[in-house]
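Have a look at final.tsv below; it lists TSV, C-alpha atoms.
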```tsv
chain	number	residue	atom	x	y	z
A	1	MET	CA	-16.02	-7.07	-26.44
A	2	LYS	CA	-13.19	-7.51	-23.95
A	3	TRP	CA	-12.20	-10.77	-25.62
A	4	VAL	CA	-11.98	-9.12	-29.02
A	5	GLY	CA	-9.69	-6.49	-27.53
A	6	LEU	CA	-7.53	-9.14	-25.88
A	7	ILE	CA	-7.17	-11.10	-29.14
A	8	ALA	CA	-6.28	-7.92	-31.04
A	9	VAL	CA	-3.66	-6.97	-28.43
A	10	LEU	CA	-2.15	-10.47	-28.39
A	11	PHE	CA	-2.02	-10.57	-32.19
A	12	THR	CA	-0.34	-7.15	-32.47
A	13	GLY	CA	2.05	-7.95	-29.65
A	14	GLY	CA	2.96	-11.25	-31.29
A	15	LEU	CA	3.67	-9.47	-34.57
A	16	LEU	CA	5.89	-6.94	-32.79
A	17	LEU	CA	7.75	-9.70	-30.93
A	18	SER	CA	8.32	-11.67	-34.13
A	19	ALA	CA	9.71	-8.51	-35.76
A	20	MET	CA	12.16	-8.09	-32.86
A	21	ASP	CA	14.42	-10.67	-34.54
A	22	ASP	CA	15.22	-8.27	-37.38
A	23	PHE	CA	16.40	-5.51	-35.06
A	24	PRO	CA	20.14	-4.78	-35.03
A	25	ASN	CA	21.98	-5.56	-31.81
A	26	TRP	CA	22.43	-2.82	-29.23
A	27	GLY	CA	25.46	-0.71	-30.14
A	28	ASP	CA	25.90	-2.45	-33.50
A	29	ALA	CA	28.26	-0.28	-35.56
A	30	HIS	CA	26.68	-1.56	-38.80
A	31	SER	CA	23.07	-0.89	-37.86
A	32	PRO	CA	21.28	1.43	-40.31
A	33	ALA	CA	21.20	4.25	-37.75
A	34	ASN	CA	24.96	4.13	-37.20
A	35	ALA	CA	26.17	3.28	-40.67
A	36	SER	CA	24.25	5.81	-42.77
A	37	PRO	CA	26.40	8.58	-44.27
A	38	VAL	CA	24.36	11.24	-42.44
A	39	SER	CA	25.21	9.83	-39.00
A	40	GLN	CA	28.81	9.35	-40.09
A	41	TYR	CA	28.96	13.05	-40.97
A	42	PHE	CA	27.53	14.10	-37.60
A	43	ILE	CA	29.89	11.83	-35.67
A	44	GLU	CA	33.01	12.92	-37.53
A	45	LYS	CA	32.40	16.61	-38.20
A	46	THR	CA	30.53	17.98	-35.17
A	47	ILE	CA	33.64	19.13	-33.30
A	48	GLU	CA	35.12	20.55	-36.49
A	49	ASP	CA	31.92	22.40	-37.45
A	50	SER	CA	30.91	23.86	-34.13
A	51	GLY	CA	33.30	22.75	-31.38
A	52	VAL	CA	30.38	21.39	-29.36
A	53	PRO	CA	31.18	18.17	-27.43
A	54	ASN	CA	27.53	17.14	-26.95
A	55	MET	CA	26.63	15.78	-30.37
A	56	VAL	CA	22.95	15.46	-29.47
A	57	THR	CA	22.63	19.17	-28.88
A	58	ALA	CA	24.59	19.94	-32.03
A	59	VAL	CA	22.16	17.87	-34.11
A	60	LEU	CA	19.15	19.29	-32.30
A	61	ALA	CA	20.06	22.97	-32.28
A	62	ASP	CA	22.31	23.30	-35.32
A	63	TYR	CA	22.00	20.64	-38.01
A	64	ARG	CA	18.26	20.18	-37.49
A	65	SER	CA	17.55	23.59	-36.09
A	66	TYR	CA	14.54	24.19	-38.33
A	67	ASP	CA	12.95	21.07	-36.85
A	68	THR	CA	13.59	22.20	-33.28
A	69	MET	CA	12.23	25.67	-33.99
A	70	PHE	CA	8.87	24.24	-34.95
A	71	GLU	CA	8.97	21.82	-32.02
A	72	THR	CA	9.07	24.93	-29.86
A	73	VAL	CA	6.12	26.32	-31.80
A	74	VAL	CA	4.29	23.00	-31.22
A	75	VAL	CA	4.82	23.37	-27.46
A	76	LEU	CA	3.49	26.92	-27.65
A	77	ILE	CA	0.42	25.89	-29.65
A	78	ALA	CA	-0.26	22.96	-27.32
A	79	GLY	CA	-0.26	25.25	-24.31
A	80	ILE	CA	-2.53	27.78	-25.98
A	81	ALA	CA	-4.88	25.00	-27.11
A	82	ILE	CA	-5.15	23.71	-23.53
A	83	MET	CA	-5.99	27.22	-22.31
A	84	ALA	CA	-8.58	27.64	-25.06
A	85	ILE	CA	-10.24	24.23	-24.55
A	86	LEU	CA	-10.53	24.73	-20.78
A	87	ARG	CA	-12.23	28.08	-21.29
A	88	VAL	CA	-14.79	27.14	-23.93
A	89	GLY	CA	-17.56	26.57	-21.39
A	90	ASN	CA	-16.56	29.38	-19.05
A	91	GLN	CA	-18.25	32.36	-20.67
A	92	ILE	CA	-19.68	33.73	-17.40
A	93	PRO	CA	-18.11	37.10	-16.50
A	94	ARG	CA	-15.79	36.99	-13.53
A	95	GLY	CA	-18.05	38.85	-11.09
A	96	ALA	CA	-21.24	36.90	-11.87
A	97	ARG	CA	-19.69	33.48	-11.37
A	98	PRO	CA	-20.51	31.64	-8.14
A	99	ALA	CA	-17.58	31.50	-5.74
A	100	PRO	CA	-15.25	28.61	-6.64
A	101	VAL	CA	-15.69	25.51	-4.54
A	102	SER	CA	-12.67	25.66	-2.30
A	103	ALA	CA	-10.64	22.60	-1.48
A	104	PRO	CA	-11.37	20.72	1.76
A	105	ALA	CA	-10.08	22.55	4.81
A	106	SER	CA	-7.42	19.94	5.53
A	107	VAL	CA	-5.82	20.48	2.14
A	108	ASN	CA	-5.76	24.24	2.65
A	109	ASP	CA	-4.23	23.78	6.08
A	110	ASP	CA	-1.57	21.58	4.57
A	111	HIS	CA	-0.68	24.43	2.21
A	112	GLN	CA	0.28	26.55	5.15
A	113	ASP	CA	2.24	23.69	6.66
A	114	ILE	CA	5.60	24.84	7.88
A	115	ILE	CA	7.37	21.69	6.67
A	116	ILE	CA	6.16	22.06	3.08
A	117	GLY	CA	6.78	25.80	3.09
A	118	THR	CA	10.33	25.52	4.36
A	119	THR	CA	11.21	22.62	2.08
A	120	CYS	CA	9.99	24.52	-0.96
A	121	ARG	CA	11.79	27.67	0.11
A	122	LEU	CA	15.02	25.68	0.21
A	123	LEU	CA	14.31	23.63	-2.91
A	124	ILE	CA	13.03	26.22	-5.39
A	125	PRO	CA	16.23	28.36	-5.63
A	126	VAL	CA	18.33	25.21	-6.07
A	127	LEU	CA	15.96	23.94	-8.78
A	128	GLN	CA	16.08	27.26	-10.63
A	129	LEU	CA	19.88	27.48	-10.43
A	130	PHE	CA	20.12	23.91	-11.71
A	131	ALA	CA	17.73	24.78	-14.54
A	132	PHE	CA	19.93	27.69	-15.60
A	133	TYR	CA	22.98	25.42	-15.47
A	134	VAL	CA	21.23	22.82	-17.63
A	135	ILE	CA	20.22	25.47	-20.18
A	136	ALA	CA	23.57	27.24	-20.29
A	137	HIS	CA	25.65	24.07	-20.28
A	138	GLY	CA	23.42	22.12	-22.64
A	139	HIS	CA	25.91	22.06	-25.51
A	140	HIS	CA	28.72	20.76	-23.30
A	141	SER	CA	26.90	18.23	-21.13
A	142	PRO	CA	23.54	16.44	-21.25
A	143	GLY	CA	20.63	18.82	-21.15
A	144	GLY	CA	19.53	21.83	-23.09
A	145	GLY	CA	16.60	24.12	-23.57
A	146	PHE	CA	13.79	21.60	-23.28
A	147	GLN	CA	15.03	19.89	-20.12
A	148	GLY	CA	16.16	23.11	-18.45
A	149	GLY	CA	12.90	24.81	-19.37
A	150	VAL	CA	10.89	21.97	-17.86
A	151	VAL	CA	12.94	22.12	-14.64
A	152	LEU	CA	12.43	25.89	-14.48
A	153	GLY	CA	8.69	25.49	-15.07
A	154	THR	CA	8.58	22.78	-12.41
A	155	SER	CA	10.02	25.16	-9.84
A	156	PHE	CA	7.11	27.56	-10.45
A	157	ILE	CA	4.67	24.64	-10.23
A	158	LEU	CA	6.25	23.60	-6.93
A	159	ALA	CA	5.66	27.12	-5.62
A	160	ALA	CA	2.06	26.92	-6.84
A	161	ILE	CA	1.52	23.58	-5.10
A	162	ALA	CA	3.13	24.64	-1.84
A	163	LYS	CA	1.66	28.12	-1.46
A	164	GLY	CA	-1.53	27.76	-3.49
A	165	LEU	CA	-2.13	28.87	-7.04
A	166	ASP	CA	-3.11	32.47	-6.31
A	167	PRO	CA	0.21	33.67	-4.80
A	168	ALA	CA	2.09	31.98	-7.65
A	169	LEU	CA	-0.12	33.68	-10.23
A	170	GLU	CA	0.49	37.02	-8.54
A	171	ARG	CA	4.19	36.56	-9.22
A	172	LEU	CA	3.71	35.18	-12.74
A	173	PRO	CA	0.32	36.35	-14.04
A	174	GLU	CA	-1.17	35.13	-17.27
A	175	THR	CA	-0.30	38.25	-19.25
A	176	ARG	CA	3.33	37.69	-18.31
A	177	TYR	CA	3.72	33.97	-18.96
A	178	VAL	CA	2.01	34.18	-22.33
A	179	LYS	CA	4.39	36.99	-23.27
A	180	ILE	CA	7.40	34.93	-22.09
A	181	ALA	CA	6.23	31.98	-24.17
A	182	PHE	CA	5.98	34.06	-27.33
A	183	VAL	CA	9.28	35.85	-26.67
A	184	GLY	CA	10.99	32.44	-26.65
A	185	VAL	CA	9.83	31.66	-30.17
A	186	VAL	CA	10.76	35.19	-31.26
A	187	ILE	CA	14.32	34.74	-29.89
A	188	TYR	CA	14.67	31.47	-31.78
A	189	SER	CA	13.43	32.83	-35.09
A	190	ALA	CA	15.45	36.03	-34.64
A	191	PHE	CA	18.60	33.93	-34.91
A	192	GLY	CA	17.28	32.53	-38.19
A	193	VAL	CA	16.30	35.92	-39.57
A	194	ALA	CA	19.68	37.38	-38.59
A	195	CYS	CA	21.36	34.70	-40.69
A	196	LEU	CA	19.02	35.51	-43.58
A	197	LEU	CA	19.82	39.22	-43.34
A	198	LEU	CA	23.55	38.48	-43.43
A	199	GLY	CA	23.08	36.60	-46.69
A	200	GLU	CA	23.08	32.96	-45.59
A	201	ASN	CA	20.44	30.26	-45.24
A	202	PHE	CA	17.82	30.45	-42.48
A	203	LEU	CA	19.40	29.31	-39.16
A	204	ASP	CA	22.85	28.78	-40.72
A	205	TYR	CA	24.65	30.28	-37.72
A	206	GLY	CA	28.20	30.31	-39.06
A	207	VAL	CA	27.72	33.67	-40.74
A	208	LEU	CA	26.87	35.32	-37.38
A	209	SER	CA	30.60	35.53	-36.61
A	210	VAL	CA	30.71	38.88	-38.44
A	211	LEU	CA	28.63	40.35	-35.59
A	212	LEU	CA	31.29	39.47	-33.01
A	213	PRO	CA	34.68	39.95	-34.69
A	214	THR	CA	36.63	38.01	-32.05
A	215	ILE	CA	35.03	34.63	-32.82
A	216	ASP	CA	35.24	32.37	-35.84
A	217	ALA	CA	32.41	30.50	-37.55
A	218	ALA	CA	32.63	27.43	-35.30
A	219	GLU	CA	32.39	29.53	-32.15
A	220	ALA	CA	29.52	31.49	-33.67
A	221	ARG	CA	27.64	28.20	-34.13
A	222	SER	CA	28.36	27.19	-30.53
A	223	HIS	CA	27.16	30.53	-29.12
A	224	SER	CA	24.09	30.59	-31.36
A	225	MET	CA	23.13	27.15	-30.06
A	226	LEU	CA	23.18	28.62	-26.55
A	227	GLY	CA	21.03	31.51	-27.81
A	228	VAL	CA	18.36	29.36	-29.40
A	229	GLU	CA	18.28	27.09	-26.35
A	230	VAL	CA	17.56	30.11	-24.17
A	231	GLY	CA	14.63	30.80	-26.50
A	232	VAL	CA	13.41	27.21	-26.19
A	233	ALA	CA	13.72	27.40	-22.40
A	234	PHE	CA	11.63	30.62	-22.29
A	235	THR	CA	8.79	28.98	-24.20
A	236	VAL	CA	8.89	25.59	-22.49
A	237	SER	CA	9.06	26.91	-18.92
A	238	ALA	CA	6.24	29.40	-19.45
A	239	ILE	CA	4.01	26.86	-21.18
A	240	MET	CA	4.63	24.19	-18.53
A	241	PHE	CA	3.48	26.59	-15.83
A	242	ALA	CA	0.56	27.69	-18.01
A	243	ILE	CA	-0.62	24.11	-18.52
A	244	TYR	CA	-0.45	23.38	-14.80
A	245	ALA	CA	-2.13	26.63	-13.75
A	246	ASN	CA	-4.99	26.14	-16.20
A	247	LEU	CA	-5.51	22.42	-15.57
A	248	ALA	CA	-5.41	22.78	-11.79
A	249	SER	CA	-8.06	25.51	-11.80
A	250	LYS	CA	-10.22	24.39	-14.76
A	251	GLY	CA	-9.04	27.43	-16.72
A	252	GLU	CA	-10.34	29.92	-14.15
A	253	LEU	CA	-6.90	30.69	-12.67
A	254	GLU	CA	-8.19	30.87	-9.12
A	255	GLY	CA	-8.39	28.29	-6.36
A	256	GLY	CA	-6.49	25.39	-7.84
A	257	LEU	CA	-4.88	22.49	-6.08
B	1	MET	CA	24.44	-1.82	-20.04
B	2	ILE	CA	24.53	-4.42	-17.25
B	3	TRP	CA	22.10	-7.22	-18.00
B	4	GLN	CA	21.24	-8.00	-14.36
B	5	PHE	CA	20.11	-4.42	-13.85
B	6	ASP	CA	18.18	-4.52	-17.10
B	7	ILE	CA	16.30	-7.64	-16.04
B	8	ILE	CA	15.33	-6.08	-12.71
B	9	ILE	CA	14.25	-2.81	-14.35
B	10	LEU	CA	12.26	-4.59	-17.06
B	11	ILE	CA	10.45	-6.77	-14.49
B	12	PHE	CA	9.50	-3.68	-12.47
B	13	LEU	CA	8.51	-1.95	-15.71
B	14	VAL	CA	5.98	-4.67	-16.51
B	15	ILE	CA	4.71	-4.65	-12.91
B	16	THR	CA	4.20	-0.87	-12.84
B	17	ALA	CA	2.57	-0.90	-16.29
B	18	VAL	CA	0.05	-3.53	-15.20
B	19	ILE	CA	-0.61	-1.78	-11.88
B	20	SER	CA	-1.20	1.62	-13.52
B	21	LEU	CA	-3.76	0.04	-15.85
B	22	ARG	CA	-5.50	-2.16	-13.27
B	23	VAL	CA	-5.73	0.08	-10.21
B	24	LYS	CA	-9.14	1.74	-9.65
B	25	ASP	CA	-7.83	4.84	-7.88
B	26	LEU	CA	-6.72	7.19	-10.65
B	27	LEU	CA	-4.48	9.19	-8.31
B	28	ALA	CA	-2.54	6.03	-7.51
B	29	ALA	CA	-2.47	5.18	-11.22
B	30	SER	CA	-0.83	8.52	-12.05
B	31	MET	CA	1.76	8.04	-9.32
B	32	VAL	CA	2.60	4.55	-10.60
B	33	PHE	CA	2.77	5.98	-14.12
B	34	GLY	CA	5.44	8.40	-12.89
B	35	THR	CA	7.39	5.44	-11.50
B	36	TYR	CA	7.08	3.72	-14.87
B	37	SER	CA	8.58	6.78	-16.60
B	38	PHE	CA	11.42	6.85	-14.11
B	39	LEU	CA	12.22	3.19	-14.76
B	40	ILE	CA	12.31	3.88	-18.51
B	41	CYS	CA	14.63	6.81	-17.73
B	42	LEU	CA	16.96	4.37	-15.95
B	43	LEU	CA	16.89	2.12	-19.03
B	44	TRP	CA	17.83	5.02	-21.34
B	45	ALA	CA	20.62	6.07	-18.98
B	46	GLY	CA	21.90	2.49	-18.96
B	47	MET	CA	22.04	2.50	-22.74
B	48	GLY	CA	24.09	5.71	-22.70
B	49	ALA	CA	21.34	7.91	-24.15
B	50	VAL	CA	21.76	10.47	-21.38
B	51	ASP	CA	19.91	13.31	-23.12
B	52	VAL	CA	16.87	11.12	-23.71
B	53	ALA	CA	17.05	9.90	-20.11
B	54	PHE	CA	17.16	13.48	-18.87
B	55	THR	CA	14.11	14.42	-20.93
B	56	GLU	CA	12.25	11.33	-19.72
B	57	ALA	CA	13.08	12.15	-16.09
B	58	THR	CA	11.95	15.77	-16.32
B	59	VAL	CA	8.97	15.42	-18.65
B	60	GLY	CA	7.81	11.84	-18.03
B	61	ALA	CA	8.46	11.32	-14.35
B	62	GLY	CA	8.23	14.97	-13.34
B	63	ILE	CA	5.76	17.14	-15.10
B	64	SER	CA	3.31	14.67	-16.63
B	65	ALA	CA	2.67	13.09	-13.22
B	66	VAL	CA	1.89	16.55	-11.84
B	67	ILE	CA	-0.38	17.36	-14.78
B	68	LEU	CA	-2.19	14.01	-14.47
B	69	ILE	CA	-2.72	14.60	-10.75
B	70	ALA	CA	-4.05	18.10	-11.43
B	71	THR	CA	-6.49	16.60	-13.95
B	72	VAL	CA	-7.59	13.85	-11.54
B	73	TYR	CA	-8.17	16.51	-8.88
B	74	ASN	CA	-10.61	18.32	-11.15
B	75	THR	CA	-12.42	15.28	-12.54
B	76	ARG	CA	-13.08	12.00	-10.72
B	77	ARG	CA	-10.73	9.96	-8.61
B	78	ASP	CA	-12.27	6.51	-9.17
B	79	SER	CA	-12.17	4.70	-12.47
B	80	SER	CA	-15.42	3.25	-13.79
B	81	ASP	CA	-13.99	0.21	-15.58
```
Translate this file's structure into structure tokens.
Amino acid sequence: MKWVGLIAVLFTGGLLLSAMDDFPNWGDAHSPANASPVSQYFIEKTIEDSGVPNMVTAVLADYRSYDTMFETVVVLIAGIAIMAILRVGNQIPRGARPAPVSAPASVNDDHQDIIIGTTCRLLIPVLQLFAFYVIAHGHHSPGGGFQGGVVLGTSFILAAIAKGLDPALERLPETRYVKIAFVGVVIYSAFGVACLLLGENFLDYGVLSVLLPTIDAAEARSHSMLGVEVGVAFTVSAIMFAIYANLASKGELEGGL
Amino acid sequence: MIWQFDIIILIFLVITAVISLRVKDLLAASMVFGTYSFLICLLWAGMGAVDVAFTEATVGAGISAVILIATVYNTRRDSSD
């Protein structure tokens, strides 16, 4: 059976390598991705349309905003599915369950270790500040809601690893992180609905300039991108922590790594 | 894109890919998988796709390694094949 697998892999790999010849060169200005009228429009008009220097964010959060909105929903659904799958077998009520098998004593002692505790105390505020910078500056420099949200979620996970899962869940219990995750999607779609109510297409931010009279349509697009990225960051950070907390404790939310 | 760097990164990429598939200890495999993601992140950054590199660094090298380790902790550490 192993030989069949090897032959199949070699055959597929050979096909892929032979197709490599037809690829355009790296940075080729005439490659289909660069030469299509759609990319030309993005490259030439992004600054004019929204004044956002980071074209990637402009495409992600403005031109293809509808796409990104449902990517956020996908993240939300994935997190909820993980929670649901891990709890299918766990129908025993909380009191009747046998005490969770605690980790070996050495691991628990390590959790109290002064080196880990101090390092995390120094590292977590810096991580969270950096996450806020990445979210807020995402339309001017690399980054954005997804990356910043992951960094923010990672800082909670770091706290959960260093101090144990239970103290972290006291700070951010399940009722709260699920709410945060849903609020993120609500923020994102609220921007779309606001555009609808003002008589434009869903997520066509330009019309939002009537809400703030000092800004024009381009600035309204730029600020709305920041707004929807904050929504994305809410959902992503909460779901990242939710996935870790549930996976590390088999969905029981106690004990953990 | 500097081709000497690319060659080095690609060689390490193949090495880490093979190691993460061959090693019996799944904890080690997840760590090596994080290294693999980080090397891909370096490749993206070299190509100028900084946003993609950032996502790969945070999601690939950061959080998926943690999630894999959490899963290994709750299942089995040794691979059966």
Original post:
Taking all atoms listed in the file into account, which residues of chain A are within 8 Å of chain B, as number ranges by chain?
Top reply: A: 56, 142-143, 146-147, 150-151, 154, 240, 243-244, 247-250, 257
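In this model, the gap between atom CA of Tyr36 of chain B and atom CA of Gln128 of chain A comes to 25.6 Å.
Between atom CA of Gly251 of chain A and atom CA of Arg121 of chain A there is a distance of 26.8 Å.
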Could you pull the residues within 12 Å of Leu21 of chain B, counting only C-alpha atoms, minus those fewer than 2 positions along the same chain, as a compact mmCIF listing (two decimals) with C-alpha atoms, in the coordinates of the input?
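Result file is out_13.txt:
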```txt
# COMPACT_ATOMS: atom_id res chain seq x y z
CA VAL B 14 5.98 -4.67 -16.51
CA ILE B 15 4.71 -4.65 -12.91
CA THR B 16 4.20 -0.87 -12.84
CA ALA B 17 2.57 -0.90 -16.29
CA VAL B 18 0.05 -3.53 -15.20
CA ILE B 19 -0.61 -1.78 -11.88
CA VAL B 23 -5.73 0.08 -10.21
CA LYS B 24 -9.14 1.74 -9.65
CA ASP B 25 -7.83 4.84 -7.88
CA LEU B 26 -6.72 7.19 -10.65
CA LEU B 27 -4.48 9.19 -8.31
CA ALA B 28 -2.54 6.03 -7.51
CA ALA B 29 -2.47 5.18 -11.22
CA SER B 30 -0.83 8.52 -12.05
CA MET B 31 1.76 8.04 -9.32
CA VAL B 32 2.60 4.55 -10.60
CA PHE B 33 2.77 5.98 -14.12
CA TYR B 36 7.08 3.72 -14.87
CA SER B 79 -12.17 4.70 -12.47
CA ASP B 81 -13.99 0.21 -15.58
```
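In this structure, atom CA of Arg221 of chain A sits 27.0 Å away from atom CA of Gly153 of chain A.
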Subject >> All residues 10 Å or closer to segment 165-173 of chain A, all atoms listed in the file, same chain fewer than 4 positions away omitted, as a PyMOL selection string >> reply: chain A and resi 156-161+177-178+238+241-242+244-246+248-249+253-257
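With distances taken from (15.9, -4.4, -12.3) and restricted to only C-alpha atoms, the residues inside 12 Å are Met1, Ile2, Trp3, Gln4, Phe5, Asp6, Ile7, Ile8, Ile9, Leu10, Ile11, Phe12, Leu13, Val14, Ile15, Leu39, Ile40, Leu42, Leu43 and Gly46 of chain B.
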Original post:
So which residues touch Ser65 of chain A within 10 Å, counting only C-alpha atoms, skipping near sequence neighbours fewer than 2 positions away, as a VMD selection string?
Top reply: chain A and resid 57 to 63 67 to 71 188 192 202 to 205 225 228
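Each of A:Val52, A:Val75, A:Val185, A:Ile180 was checked against Gly138 of chain A using only C-alpha atoms; the smallest atom-to-atom distance is that of A:Val52.
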Would you fill the gaps in segment 17-41 of chain B so it has N, CA and C atoms, then print it as a short mmCIF file (atom, residue, chain, number, x, y, z; two decimals), in the coordinates of the input?
```cif
data_model
loop_
_atom_site.label_atom_id
_atom_site.label_comp_id
_atom_site.auth_asym_id
_atom_site.auth_seq_id
_atom_site.Cartn_x
_atom_site.Cartn_y
_atom_site.Cartn_z
N ALA B 17 3.51 -1.11 -15.18
CA ALA B 17 2.57 -0.90 -16.29
C ALA B 17 1.24 -1.57 -15.98
N VAL B 18 1.29 -2.83 -15.50
CA VAL B 18 0.05 -3.53 -15.20
C VAL B 18 -0.70 -2.85 -14.06
N ILE B 19 0.05 -2.43 -13.02
CA ILE B 19 -0.61 -1.78 -11.88
C ILE B 19 -1.31 -0.50 -12.34
N SER B 20 -0.61 0.33 -13.15
CA SER B 20 -1.20 1.62 -13.52
C SER B 20 -2.43 1.43 -14.39
N LEU B 21 -2.54 0.28 -15.07
CA LEU B 21 -3.76 0.04 -15.85
C LEU B 21 -4.86 -0.56 -14.99
N ARG B 22 -4.48 -1.39 -13.99
CA ARG B 22 -5.50 -2.16 -13.27
C ARG B 22 -6.08 -1.40 -12.09
N VAL B 23 -5.31 -0.50 -11.48
CA VAL B 23 -5.73 0.08 -10.21
C VAL B 23 -6.94 1.00 -10.44
N LYS B 24 -7.89 0.98 -9.47
CA LYS B 24 -9.14 1.74 -9.65
C LYS B 24 -8.96 3.20 -9.29
N ASP B 25 -8.05 3.47 -8.33
CA ASP B 25 -7.83 4.84 -7.88
C ASP B 25 -6.92 5.56 -8.89
N LEU B 26 -7.49 6.56 -9.57
CA LEU B 26 -6.72 7.19 -10.65
C LEU B 26 -5.53 7.98 -10.13
N LEU B 27 -5.63 8.48 -8.89
CA LEU B 27 -4.48 9.19 -8.31
C LEU B 27 -3.30 8.23 -8.16
N ALA B 28 -3.59 7.03 -7.64
CA ALA B 28 -2.54 6.03 -7.51
C ALA B 28 -2.00 5.65 -8.89
N ALA B 29 -2.91 5.55 -9.87
CA ALA B 29 -2.47 5.18 -11.22
C ALA B 29 -1.49 6.20 -11.77
N SER B 30 -1.76 7.51 -11.52
CA SER B 30 -0.83 8.52 -12.05
C SER B 30 0.51 8.46 -11.33
N MET B 31 0.49 8.17 -10.03
CA MET B 31 1.76 8.04 -9.32
C MET B 31 2.58 6.87 -9.88
N VAL B 32 1.89 5.73 -10.09
CA VAL B 32 2.60 4.55 -10.60
C VAL B 32 3.10 4.83 -12.02
N PHE B 33 2.34 5.62 -12.77
CA PHE B 33 2.77 5.98 -14.12
C PHE B 33 4.07 6.79 -14.08
N GLY B 34 4.19 7.67 -13.06
CA GLY B 34 5.44 8.40 -12.89
C GLY B 34 6.60 7.46 -12.60
N THR B 35 6.34 6.44 -11.78
CA THR B 35 7.39 5.44 -11.50
C THR B 35 7.81 4.73 -12.78
N TYR B 36 6.81 4.39 -13.60
CA TYR B 36 7.08 3.72 -14.87
C TYR B 36 8.01 4.57 -15.74
N SER B 37 7.72 5.89 -15.81
CA SER B 37 8.58 6.78 -16.60
C SER B 37 9.99 6.81 -16.03
N PHE B 38 10.09 6.79 -14.70
CA PHE B 38 11.42 6.85 -14.11
C PHE B 38 12.22 5.59 -14.42
N LEU B 39 11.51 4.43 -14.43
CA LEU B 39 12.22 3.19 -14.76
C LEU B 39 12.71 3.22 -16.21
N ILE B 40 11.86 3.76 -17.11
CA ILE B 40 12.31 3.88 -18.51
C ILE B 40 13.52 4.81 -18.59
N CYS B 41 13.50 5.88 -17.78
CA CYS B 41 14.63 6.81 -17.73
C CYS B 41 15.90 6.07 -17.34
#
```
